[in-house]
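Inspection log for the structure reproduced underneath, given as structure tokens.
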Amino acid sequence: MKWVVGAGNHSCWLGTYESVIAKSITARVKPGMTVFDVGAHAGYYTLMLSRLVGRQGRVFAFEANPGNATKLRRHLQVNDVKNVDLIEAAVSDRSGAAFFEVDAHQDKYGYMGGLAESGVSVRTVVLDDFPVPDLIKMDIEGTETRAFAGAPRLLSEHRTAIFLALHDQSLEEAPAILRRRNFLLEPVAERETWAMPGEATTSAS
């Protein structure tokens with residue numbers, strides 16, 4: 001698929017960006033699925049997911065960063081993508097508005113950023129206002145716990161596989177929330193894990 005050079009890390013247009021993670025996600029996506037890309041950035045995973053779910057599937061791409069959303073929209077246009085809904089909003093624990101701050105000093109591509117006490121005003125949405133998906137890829141820079149707080153229905157449905165990128169602010173709390181909901185955690189890398197629906201079990205000592 002086409003990628004606008006300079007829209008993100010150079011490895012995106014080379015197709016090697018986060019290769020281990022990308023392979024782990026693509027292995028679980030099937031045609032016809034409904035998939036959420038929460039923290040879609042410039043659309044690297046969104047484009048990948050769009051191709052994998054096919055014409056009968058649907059991708060909801062959530063991106064609060066205005067700059068990233070502009071790049072993502074351009075990628076959808078140049079690739080003539082028809083099965084993606086771009087939601088220009090931050091996923092949180094309530095619908096409304098909040099401040100979003102981009103950490104330009106740490107990330108020249110603008111990927112890093114999140115809800116903060118100041119910054120640009122953005123719309124916020126809750127996942128429970130959307131159809132329950134088959135799979136979620138979530139990378140929202142430490143606000144995963146707030147996203148889960150706005151998704152009690154989704155988590156109780158217990159049929160969504162969740163790929164979760166963990167950050168310092170949510171390193172322990174986010175997995176704990178999912179364990180309490182009887183999701184089974186399958187680590188992918190040091191700070192990435194799958195949360196799979198299933199009955200939690202403990203081994204006898």
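Naming works like this for the structure tokens: A, B, ... for the chains as they're shown, residue 1 at the start of each chain, ligands 1 onward in shown order.
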
Please report as a Markdown table every residue of region 121-149 of chain A lying within 10 Å of region 64-81 of chain A, along with the nearest atom pair and their distance in Å (one decimal), using only C-alpha atoms.
| residue | atom | partner | partner_atom | distance |
| --- | --- | --- | --- | --- |
| A:Ser121 | CA | A:Ala64 | CA | 9.5 |
| A:Val122 | CA | A:Ala64 | CA | 6.5 |
| A:Arg123 | CA | A:Ala64 | CA | 7.5 |
| A:Thr124 | CA | A:Ala64 | CA | 8.2 |
| A:Ile140 | CA | A:Ala64 | CA | 9.6 |

Write the residues of the selection above to a file with N, CA and C atoms, as a PDB file, in the first residue's frame.
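So the final result, stored in selection.pdb, reads:
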ATOM      1  N   SER A 121      -7.498  21.262  22.488  1.00  0.00           N
ATOM      2  CA  SER A 121      -8.756  20.636  22.886  1.00  0.00           C
ATOM      3  C   SER A 121      -9.173  19.607  21.838  1.00  0.00           C
ATOM      4  N   VAL A 122      -9.502  18.404  22.308  1.00  0.00           N
ATOM      5  CA  VAL A 122      -9.934  17.335  21.413  1.00  0.00           C
ATOM      6  C   VAL A 122     -11.218  16.700  21.935  1.00  0.00           C
ATOM      7  N   ARG A 123     -11.919  16.033  21.045  1.00  0.00           N
ATOM      8  CA  ARG A 123     -13.123  15.298  21.432  1.00  0.00           C
ATOM      9  C   ARG A 123     -12.720  14.001  22.118  1.00  0.00           C
ATOM     10  N   THR A 124     -13.514  13.552  23.074  1.00  0.00           N
ATOM     11  CA  THR A 124     -13.300  12.253  23.704  1.00  0.00           C
ATOM     12  C   THR A 124     -14.518  11.368  23.468  1.00  0.00           C
ATOM     13  N   ILE A 140      -2.044   3.941  23.429  1.00  0.00           N
ATOM     14  CA  ILE A 140      -2.463   5.322  23.686  1.00  0.00           C
ATOM     15  C   ILE A 140      -1.659   5.966  24.822  1.00  0.00           C
TER      16      ILE A 140
END

Identify all residues of chain A in alpha helix (DSSP H) (DSSP on the backbone) and supply them as a PyMOL selection string. chain A and resi 10-14+19-26+44-53+66-78+144-149+152-157+173-180

Select, from A:Leu171, A:Ala42, A:Val120, A:Ala90, the residue with the minimum atom-to-atom distance to Trp3 (chain A), counting only C-alpha atoms.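 Ranking A:Leu171, A:Ala42, A:Val120, A:Ala90 by distance to Trp3 (chain A), first place goes to A:Ala42.
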
If we count only C-alpha atoms and set the cut-off at 10 Å, which residues sit around Ala174 (chain A), ignoring sequence neighbours fewer than 2 positions away in its own chain? Please answer as an MDAnalysis selection string. chainID A and resid 142:148 164:167 169:172 176:179

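Counting only C-alpha atoms and comparing A:Asp134, A:Asp168, A:Glu173, A:Glu63, the residue that lies closest to Val91 (chain A) is A:Glu63.
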
Identify which of the residues A:Gly32, A:Phe62, A:His158, A:Tyr45 lies closest to Asn83 (chain A), counting only C-alpha atoms when measuring atom-to-atom distances. A:Gly32
